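Engineer: Here it is, the structure in full.
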Amino acid sequence: MMALTVGSAPTAAWTKSGNLRRFRVLADGFPSFLPRQVEKIKDPFARKLAKRIERLPVQVSFSESSIMSSCVRPLLQSETNPVVLLHGFDSSCLEWRYTYPLLEEAGLETWAVDILGWGFSDLERLPSCDVTSKRDHLYQLWRSYIKKPMILVGPSLGAAVAIDIAVNHPESVQKLILIDAGVYAEGTGNLAKLPRTVAYAGVSVLKSMPLRLYANLLAFKKISFDTILDQTNVGRLHCLLPWWEDATVDFMISGGYNVSRLIDQESESDTR
């Protein structure tokens, strides 16, 4: 039974056939699939982690072709259980820019994975981005590359993603670490009933610079406006990919995560 705790630029990736696929890189060593606005980011931690983002082919059950899936993978793999970092709602692996290097310095095999529909994966041929698809994508990525039971870290909505895969694929998870877990909300609620035109309008506001800047002003105190602006650009970078709006609307209308019953189910099995 799993434990539960609350609390140099990539230039290549492996293709489905096993051949090495090379990517162009932007100025300063950023991978070419990142929006060019990454070059304007000043935060050295964000810049360093962004240069390590790569895309790995992941074959899923709901798509004929592999999804080139974005993540940061460890420089070295160990015999111990790997730490796998998820992110929160509408975010990316850059959320871990300050934590990731500390975990590596501690000698831990550490992955930072983008959840399907967010982050920097290639979704030009947009698959479904509902809960089932997100689960299968993460599981297939684990099967193909990580391969050992994970210490899976999930903040906010990432906690729901972590619980969902732990219950449905328990062989893939050794321990859960949940941070500020958003696991008792009943999915996306009434947002799932919105007409698509209204949903797209709402998602457009979610991407807007004023809204995200305001959120950062509320979150960060006693730092300069320039720093807050830079943090906003980091958090918004994935929204600049052309399929971001479609993927976010698809998830919203699908109903989102409702894992409270899974928590009850797991708690009952723990007491037996």
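Here's how to read the names in the structure tokens: chain A, B, ... by the order shown, residue numbers from 1 in each chain, ligand numbers from 1 in the order shown.
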Determine, for each residue of stretch 17-112 of chain A having at least one atom at most 10 Å from an atom of stretch 239-258 of chain A, the closest pair of atoms and their separation in Å to one decimal, counting only C-alpha atoms; order by chain and ascending number, as JSON lines.

Structural biologist:
```
{"residue": "A:Phe33", "atom": "CA", "partner": "A:Leu241", "partner_atom": "CA", "distance": 9.0}
{"residue": "A:Leu34", "atom": "CA", "partner": "A:Leu241", "partner_atom": "CA", "distance": 8.0}
{"residue": "A:Pro35", "atom": "CA", "partner": "A:Leu240", "partner_atom": "CA", "distance": 6.5}
{"residue": "A:Arg36", "atom": "CA", "partner": "A:Leu240", "partner_atom": "CA", "distance": 9.3}
{"residue": "A:Gln37", "atom": "CA", "partner": "A:Leu240", "partner_atom": "CA", "distance": 8.7}
{"residue": "A:Phe89", "atom": "CA", "partner": "A:Thr248", "partner_atom": "CA", "distance": 9.7}
{"residue": "A:Asp90", "atom": "CA", "partner": "A:Thr248", "partner_atom": "CA", "distance": 7.7}
{"residue": "A:Ser91", "atom": "CA", "partner": "A:Cys239", "partner_atom": "CA", "distance": 8.6}
{"residue": "A:Ser92", "atom": "CA", "partner": "A:Cys239", "partner_atom": "CA", "distance": 9.7}
```

Engineer: From a backbone DSSP assignment, name each residue in stretch 21-261 of chain A labelled helix (DSSP H, G or I), as an MDAnalysis selection string.

Structural biologist: chainID A and resid 27:29 36:40 44:50 93:96 100:105 131:146 157:168 170:172 189:193 196:207 209:219 225:240 244:254 260:261

Engineer: Which residue is closest to A:Met209? Choose from A:Leu76, A:Val234, A:Leu56, A:Leu141 and count only C-alpha atoms.

Structural biologist: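 The shortest atom-to-atom distance to A:Met209 comes from A:Val234.
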
Engineer: How many Å separate atom CA of A:Thr110 from atom CA of A:Val83?

Structural biologist: 4.8 Å

Engineer: List as an MDAnalysis selection string the protein and nucleic acid residues near stretch 149-164 of chain A, meaning an atom at most 7 Å away when only C-alpha atoms are counted, but skip any in the same chain fewer than 4 places from it.

Structural biologist: chainID A and resid 81:89 168 171:183 257 259

Engineer: Where does stretch 12-91 of chain A meet stretch 121-135 of chain A within 10 Å, residue by residue, with the nearest atom pair and distance in Å to one decimal for each, counting only C-alpha atoms, listed by chain and rising number, as a tab-separated table?

Structural biologist:
```
residue	atom	partner	partner_atom	distance
A:Phe33	CA	A:Asp122	CA	8.2
A:Leu34	CA	A:Ser121	CA	9.5
A:Ile53	CA	A:Ser121	CA	10.0
A:Glu54	CA	A:Ser121	CA	8.9
A:Arg55	CA	A:Ser121	CA	6.6
A:Leu56	CA	A:Ser121	CA	8.8
A:Pro57	CA	A:Ser121	CA	9.7
A:Val60	CA	A:Ser133	CA	8.3
A:Ser61	CA	A:Ser133	CA	8.5
A:Phe62	CA	A:Ser133	CA	7.2
A:Ser63	CA	A:Pro127	CA	6.7
A:Glu64	CA	A:Pro127	CA	10.0
A:Ser65	CA	A:Arg125	CA	9.1
A:Ser66	CA	A:Asp122	CA	9.8
A:Ile67	CA	A:Asp122	CA	6.6
A:Met68	CA	A:Asp122	CA	5.3
A:Ser69	CA	A:Ser121	CA	4.4
A:Ser70	CA	A:Ser121	CA	4.6
A:Cys71	CA	A:Ser121	CA	8.2
```

Engineer: With DSSP run on the backbone, what are the strand (DSSP E) residues within stretch 115-268 of chain A? I'd like them as a PyMOL selection string.

Structural biologist: chain A and resi 150-155+173-179

Engineer: Report as an mmCIF file with C-alpha atoms, in the first residue's frame all protein, DNA and RNA residues lying within 7 Å of A:Cys93, evaluated on only C-alpha atoms, omitting residues in the same chain fewer than 3 positions from it.

Structural biologist:
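File written: out_34.cif
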```cif
data_model
loop_
_atom_site.group_PDB
_atom_site.id
_atom_site.type_symbol
_atom_site.label_atom_id
_atom_site.label_comp_id
_atom_site.auth_asym_id
_atom_site.auth_seq_id
_atom_site.Cartn_x
_atom_site.Cartn_y
_atom_site.Cartn_z
ATOM 1 C CA CYS A 71 9.351 17.278 -19.385
ATOM 2 C CA HIS A 87 2.333 21.108 -11.601
ATOM 3 C CA TRP A 96 9.543 23.826 -10.110
ATOM 4 C CA ALA A 112 9.333 17.417 -13.827
ATOM 5 C CA VAL A 113 6.451 16.425 -16.088
ATOM 6 C CA ASP A 114 3.946 18.561 -17.976
ATOM 7 C CA GLY A 119 3.028 22.891 -20.434
#
```

Engineer: Could you name the residues that touch A:Ser208 at 12 Å or less, counting only C-alpha atoms, but leaving out those on the same chain fewer than 4 positions away, as a list in words?

Structural biologist: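 Residues meeting the cut-off are Ala201, Gly202, Val203, Ser204, Arg212, Leu213, Tyr214, Ala215, Thr232, Asn233, Gly235, Arg236, Leu237, Cys239, Leu240 and Glu245 of chain A.
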
Engineer: Record the distance separating atom CA of A:Phe30 and atom CA of A:Lys51, expressed in Å with one decimal.

Structural biologist: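 These atoms are spaced 4.7 Å apart.
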